[in-house]
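target_23.cif follows; it contains mmCIF, N, CA and C atoms.
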data_target
#
loop_
_atom_site.label_atom_id
_atom_site.label_comp_id
_atom_site.auth_asym_id
_atom_site.auth_seq_id
_atom_site.Cartn_x
_atom_site.Cartn_y
_atom_site.Cartn_z
N MET A 726 -22.19 -52.39 -77.66
CA MET A 726 -22.25 -52.93 -79.01
C MET A 726 -23.71 -53.13 -79.43
N GLU A 727 -24.04 -52.61 -80.60
CA GLU A 727 -25.41 -52.76 -81.10
C GLU A 727 -25.59 -54.14 -81.73
N ASN A 728 -26.75 -54.69 -81.51
CA ASN A 728 -27.09 -55.97 -82.09
C ASN A 728 -27.74 -55.76 -83.45
N PHE A 729 -27.67 -56.76 -84.33
CA PHE A 729 -28.17 -56.58 -85.70
C PHE A 729 -29.63 -56.16 -85.73
N TRP A 730 -30.46 -56.66 -84.82
CA TRP A 730 -31.89 -56.34 -84.82
C TRP A 730 -32.15 -54.91 -84.35
N GLU A 731 -31.14 -54.28 -83.77
CA GLU A 731 -31.28 -52.89 -83.34
C GLU A 731 -30.83 -51.90 -84.41
N LYS A 732 -30.07 -52.38 -85.38
CA LYS A 732 -29.58 -51.47 -86.42
C LYS A 732 -30.13 -51.78 -87.81
N LYS A 733 -30.79 -52.90 -87.97
CA LYS A 733 -31.36 -53.27 -89.26
C LYS A 733 -32.88 -53.36 -89.15
N THR A 734 -33.54 -53.06 -90.25
CA THR A 734 -34.97 -53.32 -90.32
C THR A 734 -35.15 -54.79 -90.67
N LEU A 735 -36.35 -55.31 -90.50
CA LEU A 735 -36.61 -56.70 -90.86
C LEU A 735 -36.27 -56.97 -92.33
N SER A 736 -36.55 -56.02 -93.20
CA SER A 736 -36.29 -56.22 -94.63
C SER A 736 -34.80 -56.19 -94.96
N GLN A 737 -33.98 -55.65 -94.09
CA GLN A 737 -32.53 -55.60 -94.32
C GLN A 737 -31.80 -56.83 -93.80
N MET A 738 -32.49 -57.68 -93.07
CA MET A 738 -31.85 -58.83 -92.45
C MET A 738 -31.60 -59.95 -93.44
N SER A 739 -30.51 -60.67 -93.22
CA SER A 739 -30.22 -61.87 -94.01
C SER A 739 -31.19 -62.96 -93.57
N SER A 740 -31.27 -64.03 -94.34
CA SER A 740 -32.17 -65.10 -93.96
C SER A 740 -31.74 -65.75 -92.64
N SER A 741 -30.45 -65.85 -92.38
CA SER A 741 -30.02 -66.43 -91.09
C SER A 741 -30.34 -65.49 -89.93
N GLU A 742 -30.22 -64.19 -90.13
CA GLU A 742 -30.60 -63.24 -89.08
C GLU A 742 -32.10 -63.32 -88.83
N TRP A 743 -32.88 -63.37 -89.90
CA TRP A 743 -34.34 -63.48 -89.80
C TRP A 743 -34.72 -64.72 -88.99
N GLU A 744 -34.16 -65.86 -89.34
CA GLU A 744 -34.46 -67.11 -88.64
C GLU A 744 -34.05 -67.05 -87.17
N SER A 745 -32.93 -66.38 -86.87
CA SER A 745 -32.44 -66.32 -85.49
C SER A 745 -33.34 -65.48 -84.59
N LEU A 746 -34.20 -64.66 -85.18
CA LEU A 746 -35.14 -63.87 -84.38
C LEU A 746 -36.15 -64.77 -83.66
N CYS A 747 -36.44 -65.91 -84.27
CA CYS A 747 -37.39 -66.83 -83.66
C CYS A 747 -36.78 -67.37 -82.37
N ASP A 748 -37.48 -67.18 -81.26
CA ASP A 748 -36.97 -67.65 -79.97
C ASP A 748 -37.22 -69.14 -79.76
N GLY A 749 -38.06 -69.74 -80.61
CA GLY A 749 -38.32 -71.17 -80.49
C GLY A 749 -39.31 -71.52 -79.41
N CYS A 750 -40.18 -70.58 -79.05
CA CYS A 750 -41.14 -70.82 -77.96
C CYS A 750 -42.24 -71.79 -78.36
N GLY A 751 -42.56 -71.88 -79.66
CA GLY A 751 -43.59 -72.78 -80.13
C GLY A 751 -45.00 -72.23 -80.10
N LYS A 752 -45.18 -71.03 -79.59
CA LYS A 752 -46.53 -70.48 -79.45
C LYS A 752 -47.23 -70.27 -80.79
N CYS A 753 -46.47 -69.96 -81.82
CA CYS A 753 -47.11 -69.73 -83.12
C CYS A 753 -47.65 -71.02 -83.72
N CYS A 754 -47.24 -72.16 -83.18
CA CYS A 754 -47.70 -73.47 -83.66
C CYS A 754 -48.93 -73.98 -82.90
N LEU A 755 -49.50 -73.14 -82.07
CA LEU A 755 -50.72 -73.51 -81.35
C LEU A 755 -51.92 -73.21 -82.22
N ASN A 756 -52.96 -74.03 -82.09
CA ASN A 756 -54.21 -73.77 -82.79
C ASN A 756 -54.83 -72.50 -82.20
N LYS A 757 -55.43 -71.73 -83.07
CA LYS A 757 -56.07 -70.49 -82.67
C LYS A 757 -57.52 -70.49 -83.15
N ILE A 758 -58.34 -69.73 -82.45
CA ILE A 758 -59.75 -69.60 -82.79
C ILE A 758 -60.03 -68.11 -82.97
N ILE A 759 -60.76 -67.79 -84.03
CA ILE A 759 -61.21 -66.41 -84.23
C ILE A 759 -62.71 -66.38 -83.99
N ASP A 760 -63.13 -65.54 -83.06
CA ASP A 760 -64.55 -65.39 -82.74
C ASP A 760 -65.25 -64.78 -83.96
N ASP A 761 -66.26 -65.47 -84.47
CA ASP A 761 -66.98 -65.01 -85.66
C ASP A 761 -67.65 -63.66 -85.46
N GLU A 762 -68.11 -63.38 -84.26
CA GLU A 762 -68.83 -62.14 -84.01
C GLU A 762 -67.91 -60.97 -83.73
N THR A 763 -66.87 -61.18 -82.92
CA THR A 763 -65.99 -60.08 -82.52
C THR A 763 -64.68 -60.04 -83.30
N GLU A 764 -64.38 -61.11 -84.02
CA GLU A 764 -63.12 -61.28 -84.74
C GLU A 764 -61.91 -61.28 -83.79
N GLU A 765 -62.17 -61.53 -82.51
CA GLU A 765 -61.10 -61.61 -81.52
C GLU A 765 -60.37 -62.94 -81.67
N LEU A 766 -59.04 -62.87 -81.58
CA LEU A 766 -58.20 -64.05 -81.70
C LEU A 766 -57.99 -64.67 -80.33
N HIS A 767 -58.17 -65.99 -80.25
CA HIS A 767 -57.95 -66.72 -79.00
C HIS A 767 -56.93 -67.83 -79.26
N PHE A 768 -55.90 -67.87 -78.44
CA PHE A 768 -54.94 -68.96 -78.48
C PHE A 768 -55.51 -70.14 -77.71
N THR A 769 -55.10 -71.35 -78.09
CA THR A 769 -55.44 -72.54 -77.32
C THR A 769 -54.14 -73.18 -76.85
N ASN A 770 -54.25 -74.19 -76.04
CA ASN A 770 -53.06 -74.95 -75.64
C ASN A 770 -52.95 -76.23 -76.46
N VAL A 771 -53.56 -76.23 -77.64
CA VAL A 771 -53.54 -77.37 -78.55
C VAL A 771 -52.52 -77.08 -79.65
N ALA A 772 -51.52 -77.95 -79.75
CA ALA A 772 -50.43 -77.72 -80.69
C ALA A 772 -50.57 -78.55 -81.97
N CYS A 773 -49.99 -78.03 -83.02
CA CYS A 773 -49.87 -78.76 -84.27
C CYS A 773 -49.22 -80.11 -84.00
N HIS A 774 -49.64 -81.12 -84.72
CA HIS A 774 -49.11 -82.47 -84.52
C HIS A 774 -47.61 -82.57 -84.84
N LEU A 775 -47.06 -81.59 -85.55
CA LEU A 775 -45.63 -81.61 -85.88
C LEU A 775 -44.76 -80.95 -84.81
N LEU A 776 -45.37 -80.33 -83.83
CA LEU A 776 -44.59 -79.63 -82.81
C LEU A 776 -44.10 -80.60 -81.74
N HIS A 777 -42.80 -80.59 -81.49
CA HIS A 777 -42.20 -81.44 -80.46
C HIS A 777 -42.41 -80.75 -79.11
N SER A 778 -43.04 -81.43 -78.17
CA SER A 778 -43.44 -80.80 -76.91
C SER A 778 -42.27 -80.46 -75.98
N LYS A 779 -41.12 -81.09 -76.13
CA LYS A 779 -39.97 -80.77 -75.26
C LYS A 779 -39.04 -79.75 -75.89
N THR A 780 -38.73 -79.91 -77.18
CA THR A 780 -37.80 -78.98 -77.83
C THR A 780 -38.52 -77.72 -78.30
N CYS A 781 -39.83 -77.79 -78.42
CA CYS A 781 -40.66 -76.68 -78.91
C CYS A 781 -40.33 -76.33 -80.36
N GLN A 782 -39.86 -77.30 -81.09
CA GLN A 782 -39.49 -77.12 -82.49
C GLN A 782 -40.36 -78.01 -83.37
N CYS A 783 -40.52 -77.58 -84.61
CA CYS A 783 -41.26 -78.38 -85.58
C CYS A 783 -40.43 -79.60 -85.95
N LYS A 784 -41.07 -80.76 -85.93
CA LYS A 784 -40.38 -82.01 -86.26
C LYS A 784 -40.05 -82.10 -87.75
N LYS A 785 -40.77 -81.38 -88.57
CA LYS A 785 -40.59 -81.43 -90.04
C LYS A 785 -40.54 -80.01 -90.59
N TYR A 786 -39.70 -79.16 -90.00
CA TYR A 786 -39.68 -77.73 -90.31
C TYR A 786 -39.59 -77.45 -91.82
N GLU A 787 -38.68 -78.12 -92.52
CA GLU A 787 -38.48 -77.85 -93.95
C GLU A 787 -39.69 -78.26 -94.79
N LYS A 788 -40.47 -79.22 -94.32
CA LYS A 788 -41.62 -79.72 -95.08
C LYS A 788 -42.95 -79.26 -94.51
N ARG A 789 -42.93 -78.44 -93.48
CA ARG A 789 -44.14 -78.10 -92.74
C ARG A 789 -45.23 -77.48 -93.61
N LEU A 790 -44.87 -76.65 -94.55
CA LEU A 790 -45.87 -75.97 -95.36
C LEU A 790 -46.61 -76.93 -96.29
N LYS A 791 -45.95 -78.02 -96.65
CA LYS A 791 -46.59 -79.04 -97.48
C LYS A 791 -47.41 -80.00 -96.63
N LEU A 792 -46.91 -80.31 -95.44
CA LEU A 792 -47.57 -81.29 -94.58
C LEU A 792 -48.77 -80.72 -93.81
N VAL A 793 -48.74 -79.42 -93.55
CA VAL A 793 -49.81 -78.76 -92.79
C VAL A 793 -50.31 -77.57 -93.61
N PRO A 794 -51.40 -77.77 -94.35
CA PRO A 794 -51.90 -76.71 -95.24
C PRO A 794 -52.16 -75.37 -94.55
N ASP A 795 -52.54 -75.39 -93.26
CA ASP A 795 -52.82 -74.14 -92.54
C ASP A 795 -51.58 -73.49 -91.93
N CYS A 796 -50.43 -74.13 -92.05
CA CYS A 796 -49.19 -73.58 -91.49
C CYS A 796 -48.87 -72.26 -92.19
N VAL A 797 -48.48 -71.28 -91.41
CA VAL A 797 -48.17 -69.96 -91.95
C VAL A 797 -46.68 -69.70 -91.83
N LYS A 798 -46.07 -69.36 -92.95
CA LYS A 798 -44.66 -68.99 -92.95
C LYS A 798 -44.60 -67.50 -92.61
N ILE A 799 -43.90 -67.18 -91.56
CA ILE A 799 -43.80 -65.78 -91.14
C ILE A 799 -42.81 -65.08 -92.07
N SER A 800 -43.31 -64.10 -92.80
CA SER A 800 -42.46 -63.38 -93.75
C SER A 800 -42.87 -61.92 -93.83
N LEU A 801 -42.02 -61.13 -94.45
CA LEU A 801 -42.32 -59.71 -94.62
C LEU A 801 -43.58 -59.48 -95.44
N ASP A 802 -43.92 -60.43 -96.29
CA ASP A 802 -45.13 -60.31 -97.11
C ASP A 802 -46.39 -60.22 -96.25
N ASP A 803 -46.30 -60.74 -95.03
CA ASP A 803 -47.46 -60.78 -94.14
C ASP A 803 -47.30 -59.89 -92.92
N ILE A 804 -46.46 -58.88 -93.01
CA ILE A 804 -46.13 -58.05 -91.85
C ILE A 804 -47.37 -57.42 -91.22
N ASP A 805 -48.37 -57.11 -92.01
CA ASP A 805 -49.59 -56.52 -91.45
C ASP A 805 -50.43 -57.54 -90.70
N GLN A 806 -50.07 -58.80 -90.78
CA GLN A 806 -50.78 -59.86 -90.07
C GLN A 806 -50.05 -60.29 -88.79
N PHE A 807 -48.95 -59.63 -88.43
CA PHE A 807 -48.16 -60.04 -87.28
C PHE A 807 -48.91 -59.89 -85.96
N HIS A 808 -50.06 -59.24 -85.96
CA HIS A 808 -50.84 -59.08 -84.73
C HIS A 808 -51.31 -60.43 -84.18
N TRP A 809 -51.34 -61.46 -85.00
CA TRP A 809 -51.76 -62.79 -84.51
C TRP A 809 -50.64 -63.51 -83.78
N LEU A 810 -49.43 -63.01 -83.91
CA LEU A 810 -48.31 -63.62 -83.19
C LEU A 810 -48.39 -63.26 -81.71
N PRO A 811 -47.81 -64.11 -80.84
CA PRO A 811 -47.84 -63.78 -79.40
C PRO A 811 -47.12 -62.45 -79.15
N ALA A 812 -47.52 -61.77 -78.10
CA ALA A 812 -46.95 -60.46 -77.77
C ALA A 812 -45.45 -60.53 -77.52
N SER A 813 -44.93 -61.70 -77.16
CA SER A 813 -43.49 -61.85 -76.89
C SER A 813 -42.67 -62.18 -78.13
N CYS A 814 -43.32 -62.36 -79.28
CA CYS A 814 -42.63 -62.75 -80.50
C CYS A 814 -41.73 -61.63 -81.02
N ALA A 815 -40.48 -61.96 -81.32
CA ALA A 815 -39.51 -60.96 -81.78
C ALA A 815 -39.96 -60.27 -83.06
N TYR A 816 -40.56 -61.00 -83.99
CA TYR A 816 -41.03 -60.38 -85.24
C TYR A 816 -42.06 -59.30 -84.93
N ARG A 817 -43.00 -59.62 -84.11
CA ARG A 817 -44.04 -58.66 -83.74
C ARG A 817 -43.44 -57.49 -82.95
N LEU A 818 -42.57 -57.80 -81.98
CA LEU A 818 -41.96 -56.75 -81.17
C LEU A 818 -41.18 -55.76 -82.03
N LEU A 819 -40.42 -56.25 -82.99
CA LEU A 819 -39.62 -55.35 -83.82
C LEU A 819 -40.50 -54.49 -84.72
N VAL A 820 -41.60 -55.06 -85.24
CA VAL A 820 -42.54 -54.27 -86.03
C VAL A 820 -43.16 -53.17 -85.16
N GLU A 821 -43.41 -53.50 -83.89
CA GLU A 821 -43.98 -52.52 -82.96
C GLU A 821 -42.91 -51.61 -82.33
N GLU A 822 -41.66 -51.76 -82.80
CA GLU A 822 -40.53 -50.95 -82.31
C GLU A 822 -40.31 -51.10 -80.82
N LYS A 823 -40.40 -52.35 -80.36
CA LYS A 823 -40.17 -52.68 -78.96
C LYS A 823 -38.93 -53.57 -78.85
N PRO A 824 -38.28 -53.58 -77.67
CA PRO A 824 -37.09 -54.42 -77.50
C PRO A 824 -37.44 -55.90 -77.33
N LEU A 825 -36.45 -56.74 -77.57
CA LEU A 825 -36.63 -58.17 -77.32
C LEU A 825 -36.73 -58.40 -75.83
N PRO A 826 -37.48 -59.43 -75.40
CA PRO A 826 -37.57 -59.72 -73.97
C PRO A 826 -36.20 -60.16 -73.44
N GLU A 827 -35.95 -59.91 -72.18
CA GLU A 827 -34.64 -60.20 -71.58
C GLU A 827 -34.26 -61.67 -71.65
N TRP A 828 -35.22 -62.56 -71.78
CA TRP A 828 -34.96 -63.99 -71.84
C TRP A 828 -34.73 -64.51 -73.26
N HIS A 829 -34.81 -63.64 -74.26
CA HIS A 829 -34.68 -64.07 -75.65
C HIS A 829 -33.31 -64.72 -75.88
N PRO A 830 -33.26 -65.85 -76.59
CA PRO A 830 -31.99 -66.54 -76.83
C PRO A 830 -30.91 -65.69 -77.50
N LEU A 831 -31.27 -64.69 -78.29
CA LEU A 831 -30.25 -63.81 -78.87
C LEU A 831 -29.56 -62.97 -77.79
N LEU A 832 -30.23 -62.75 -76.68
CA LEU A 832 -29.65 -61.98 -75.58
C LEU A 832 -28.97 -62.86 -74.54
N THR A 833 -29.53 -64.05 -74.32
CA THR A 833 -28.98 -64.93 -73.27
C THR A 833 -27.98 -65.95 -73.80
N GLY A 834 -28.02 -66.22 -75.09
CA GLY A 834 -27.12 -67.20 -75.68
C GLY A 834 -27.66 -68.62 -75.68
N SER A 835 -28.82 -68.84 -75.07
CA SER A 835 -29.43 -70.18 -75.09
C SER A 835 -30.94 -70.05 -74.86
N LYS A 836 -31.63 -71.15 -75.06
CA LYS A 836 -33.08 -71.16 -74.87
C LYS A 836 -33.48 -71.51 -73.45
N SER A 837 -32.52 -71.81 -72.60
CA SER A 837 -32.86 -72.28 -71.24
C SER A 837 -33.62 -71.23 -70.43
N ALA A 838 -33.26 -69.96 -70.54
CA ALA A 838 -33.96 -68.91 -69.78
C ALA A 838 -35.42 -68.81 -70.22
N MET A 839 -35.64 -69.00 -71.51
CA MET A 839 -37.01 -68.95 -72.03
C MET A 839 -37.83 -70.11 -71.45
N HIS A 840 -37.26 -71.30 -71.49
CA HIS A 840 -37.98 -72.47 -70.98
C HIS A 840 -38.17 -72.41 -69.47
N THR A 841 -37.13 -72.10 -68.72
CA THR A 841 -37.25 -72.08 -67.25
C THR A 841 -38.14 -70.94 -66.78
N GLY A 842 -38.22 -69.88 -67.57
CA GLY A 842 -39.09 -68.75 -67.22
C GLY A 842 -40.54 -68.98 -67.61
N GLY A 843 -40.84 -70.11 -68.25
CA GLY A 843 -42.21 -70.43 -68.63
C GLY A 843 -42.70 -69.70 -69.87
N HIS A 844 -41.77 -69.24 -70.71
CA HIS A 844 -42.15 -68.45 -71.89
C HIS A 844 -42.35 -69.30 -73.14
N SER A 845 -42.20 -70.62 -73.01
CA SER A 845 -42.40 -71.51 -74.15
C SER A 845 -43.61 -72.41 -73.89
N ILE A 846 -43.88 -73.27 -74.85
CA ILE A 846 -45.02 -74.18 -74.73
C ILE A 846 -44.70 -75.42 -73.90
N ARG A 847 -43.44 -75.59 -73.55
CA ARG A 847 -43.01 -76.80 -72.84
C ARG A 847 -43.85 -77.04 -71.58
N GLY A 848 -44.43 -78.24 -71.51
CA GLY A 848 -45.21 -78.65 -70.35
C GLY A 848 -46.61 -78.06 -70.28
N LYS A 849 -47.06 -77.39 -71.34
CA LYS A 849 -48.34 -76.69 -71.28
C LYS A 849 -49.34 -77.10 -72.37
N ILE A 850 -48.98 -78.05 -73.22
CA ILE A 850 -49.80 -78.31 -74.41
C ILE A 850 -50.30 -79.73 -74.51
N VAL A 851 -51.28 -79.89 -75.38
CA VAL A 851 -51.72 -81.20 -75.85
C VAL A 851 -51.63 -81.16 -77.37
N SER A 852 -51.42 -82.31 -77.97
CA SER A 852 -51.36 -82.39 -79.42
C SER A 852 -52.76 -82.39 -80.00
N GLU A 853 -52.90 -81.81 -81.17
CA GLU A 853 -54.20 -81.81 -81.84
C GLU A 853 -54.68 -83.22 -82.16
N THR A 854 -53.77 -84.18 -82.15
CA THR A 854 -54.17 -85.57 -82.39
C THR A 854 -54.86 -86.19 -81.18
N GLN A 855 -54.79 -85.52 -80.02
CA GLN A 855 -55.35 -86.06 -78.78
C GLN A 855 -56.71 -85.49 -78.42
N ILE A 856 -57.21 -84.58 -79.24
CA ILE A 856 -58.50 -83.96 -78.90
C ILE A 856 -59.47 -84.07 -80.07
N ASP A 857 -60.74 -83.84 -79.76
CA ASP A 857 -61.76 -83.76 -80.80
C ASP A 857 -61.75 -82.32 -81.31
N PRO A 858 -61.45 -82.09 -82.58
CA PRO A 858 -61.38 -80.72 -83.11
C PRO A 858 -62.67 -79.92 -82.93
N GLU A 859 -63.77 -80.61 -82.77
CA GLU A 859 -65.05 -79.93 -82.54
C GLU A 859 -65.08 -79.25 -81.17
N ASN A 860 -64.18 -79.67 -80.27
CA ASN A 860 -64.14 -79.11 -78.92
C ASN A 860 -62.96 -78.18 -78.69
N LEU A 861 -62.41 -77.63 -79.74
CA LEU A 861 -61.23 -76.78 -79.63
C LEU A 861 -61.46 -75.59 -78.69
N GLU A 862 -62.68 -75.07 -78.67
CA GLU A 862 -62.97 -73.92 -77.79
C GLU A 862 -62.81 -74.26 -76.31
N ASP A 863 -62.81 -75.54 -75.97
CA ASP A 863 -62.60 -75.96 -74.58
C ASP A 863 -61.13 -75.82 -74.15
N TYR A 864 -60.26 -75.50 -75.09
CA TYR A 864 -58.83 -75.44 -74.82
C TYR A 864 -58.26 -74.02 -74.94
N ILE A 865 -59.12 -73.02 -74.92
CA ILE A 865 -58.64 -71.64 -74.98
C ILE A 865 -57.76 -71.37 -73.78
N ALA A 866 -56.62 -70.74 -74.03
CA ALA A 866 -55.64 -70.45 -72.98
C ALA A 866 -55.20 -68.99 -73.07
N ILE A 867 -54.92 -68.39 -71.93
CA ILE A 867 -54.49 -67.00 -71.87
C ILE A 867 -52.99 -66.86 -72.05
N TRP A 868 -52.20 -67.77 -71.47
CA TRP A 868 -50.74 -67.64 -71.44
C TRP A 868 -50.06 -67.49 -72.80
N PRO A 869 -50.53 -68.10 -73.89
CA PRO A 869 -49.78 -67.95 -75.13
C PRO A 869 -49.77 -66.52 -75.67
N ALA A 870 -50.81 -65.76 -75.38
CA ALA A 870 -50.90 -64.40 -75.90
C ALA A 870 -49.98 -63.43 -75.17
N GLU A 871 -49.45 -63.85 -74.04
CA GLU A 871 -48.61 -62.96 -73.23
C GLU A 871 -47.21 -62.82 -73.81
#

Give the structure from this file in structure tokens form.
Amino acid sequence: MENFWEKKTLSQMSSSEWESLCDGCGKCCLNKIIDDETEELHFTNVACHLLHSKTCQCKKYEKRLKLVPDCVKISLDDIDQFHWLPASCAYRLLVEEKPLPEWHPLLTGSKSAMHTGGHSIRGKIVSETQIDPENLEDYIAIWPAE
């Protein structure tokens, strides 16, 4: 049986299908740094203050765009910007015509495989409220980009 993400393009998906692509890993809610000289993107282990560290979900999802001016809503309008998403992100994978990872909740039926496999932010982050923003470069991490 084919799954909806295998037979539909992103633009053909309903809003509920689109939302279900998100595995809930929380990596897109991490602060990122762009190197001024190389324009290379670096993930940090510093999370938005709205990100819940155990559930890996936004505490104020419906209001996030108003509460956090830098928050980015992932949409088809920004498809050419999906390169900033982690390599494991379903939106990015589908644009790159790659399959979902075997631990993705749409394949496993729950988020537990993602969390137990270490594919989420759970147990790996600090809140941006706990650090000096001037020292963000001290928190660059490799794992979110994987």

Find the residues near stretch 803-819 of chain A: any atom within 8 Å, counting all atoms listed in the file, skip ones fewer than 6 places away on the same chain, and give them as a short mmCIF file (atom, residue, chain, number, x, y, z; two decimals) with N, CA and C atoms, in the frame of the given file.
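Printed below is part-v6.cif as written:
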data_model
loop_
_atom_site.label_atom_id
_atom_site.label_comp_id
_atom_site.auth_asym_id
_atom_site.auth_seq_id
_atom_site.Cartn_x
_atom_site.Cartn_y
_atom_site.Cartn_z
N TRP A 730 -30.46 -56.66 -84.82
CA TRP A 730 -31.89 -56.34 -84.82
C TRP A 730 -32.15 -54.91 -84.35
N THR A 734 -33.54 -53.06 -90.25
CA THR A 734 -34.97 -53.32 -90.32
C THR A 734 -35.15 -54.79 -90.67
N LEU A 735 -36.35 -55.31 -90.50
CA LEU A 735 -36.61 -56.70 -90.86
C LEU A 735 -36.27 -56.97 -92.33
N LEU A 746 -34.20 -64.66 -85.18
CA LEU A 746 -35.14 -63.87 -84.38
C LEU A 746 -36.15 -64.77 -83.66
N CYS A 747 -36.44 -65.91 -84.27
CA CYS A 747 -37.39 -66.83 -83.66
C CYS A 747 -36.78 -67.37 -82.37
N ASP A 748 -37.48 -67.18 -81.26
CA ASP A 748 -36.97 -67.65 -79.97
C ASP A 748 -37.22 -69.14 -79.76
N LYS A 752 -45.18 -71.03 -79.59
CA LYS A 752 -46.53 -70.48 -79.45
C LYS A 752 -47.23 -70.27 -80.79
N CYS A 753 -46.47 -69.96 -81.82
CA CYS A 753 -47.11 -69.73 -83.12
C CYS A 753 -47.65 -71.02 -83.72
N LEU A 766 -59.04 -62.87 -81.58
CA LEU A 766 -58.20 -64.05 -81.70
C LEU A 766 -57.99 -64.67 -80.33
N LEU A 825 -36.45 -56.74 -77.57
CA LEU A 825 -36.63 -58.17 -77.32
C LEU A 825 -36.73 -58.40 -75.83
N PRO A 826 -37.48 -59.43 -75.40
CA PRO A 826 -37.57 -59.72 -73.97
C PRO A 826 -36.20 -60.16 -73.44
N TRP A 868 -52.20 -67.77 -71.47
CA TRP A 868 -50.74 -67.64 -71.44
C TRP A 868 -50.06 -67.49 -72.80
N PRO A 869 -50.53 -68.10 -73.89
CA PRO A 869 -49.78 -67.95 -75.13
C PRO A 869 -49.77 -66.52 -75.67
N ALA A 870 -50.81 -65.76 -75.38
CA ALA A 870 -50.90 -64.40 -75.90
C ALA A 870 -49.98 -63.43 -75.17
N GLU A 871 -49.45 -63.85 -74.04
CA GLU A 871 -48.61 -62.96 -73.23
C GLU A 871 -47.21 -62.82 -73.81
#

Using the chain letters and numbers from this file, what does the PyMOL selection byres ((chain A and resi 850-858) around 6.5) select? Give the answer as a VMD selection string.
chain A and resid 770 to 774 846 to 849 859 to 862

For the helix (DSSP H, G or I) assignment from backbone DSSP, which residues of stretch 726-852 of chain A qualify? Please present them as a VMD selection string.
chain A and resid 729 to 732 735 to 737 740 to 745 752 to 754 786 to 792 801 to 809 815 to 820 830 to 833 837 to 841

Report, in Å with one decimal, the straight-line distance from atom CA of A:Ser835 to atom CA of A:Ser740.
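It comes out at 19.7 Å.
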
Do you have the atom CA of A:Leu831-atom C of A:Asn756 distance handy?
26.3 Å

Give as a list in words the residues that the PyMOL selection byres ((chain A and resi 781) around 8) matches when applied to the coordinates above.
Asp748, Gly749, Cys750, Gly751, Lys752, Leu775, Leu776, His777, Ser778, Lys779, Thr780, Gln782, Cys783, Lys784, Ser845, Ile846 and Arg847 of chain A

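Relative to atom CA of A:Asp802, atom CA of A:Glu765 is found at 22.4 Å.
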
When you count only C-alpha atoms, which of these residues is closest to A:Lys757: A:Cys796, A:Ser741, A:Lys836, A:Glu822?
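That would be A:Cys796, the residue with the smallest distance to A:Lys757.
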
Name the residues of stretch 737-870 of chain A that come out as strand (DSSP E or B) in a backbone DSSP run; write them as a list in words.
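Put together, the selection reads Leu755, Asn756, Lys757, Ile758, Ile759, Leu766, His767, Phe768, Thr769, Asn770, Val771, Ala772, Leu776, Cys783, Val851, Ser852 and Ile865 of chain A.
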
So which one's closest to A:Asn728, A:Leu832, A:Val820, A:Val797, A:Ala866? Using only C-alpha atoms, please.
A:Leu832
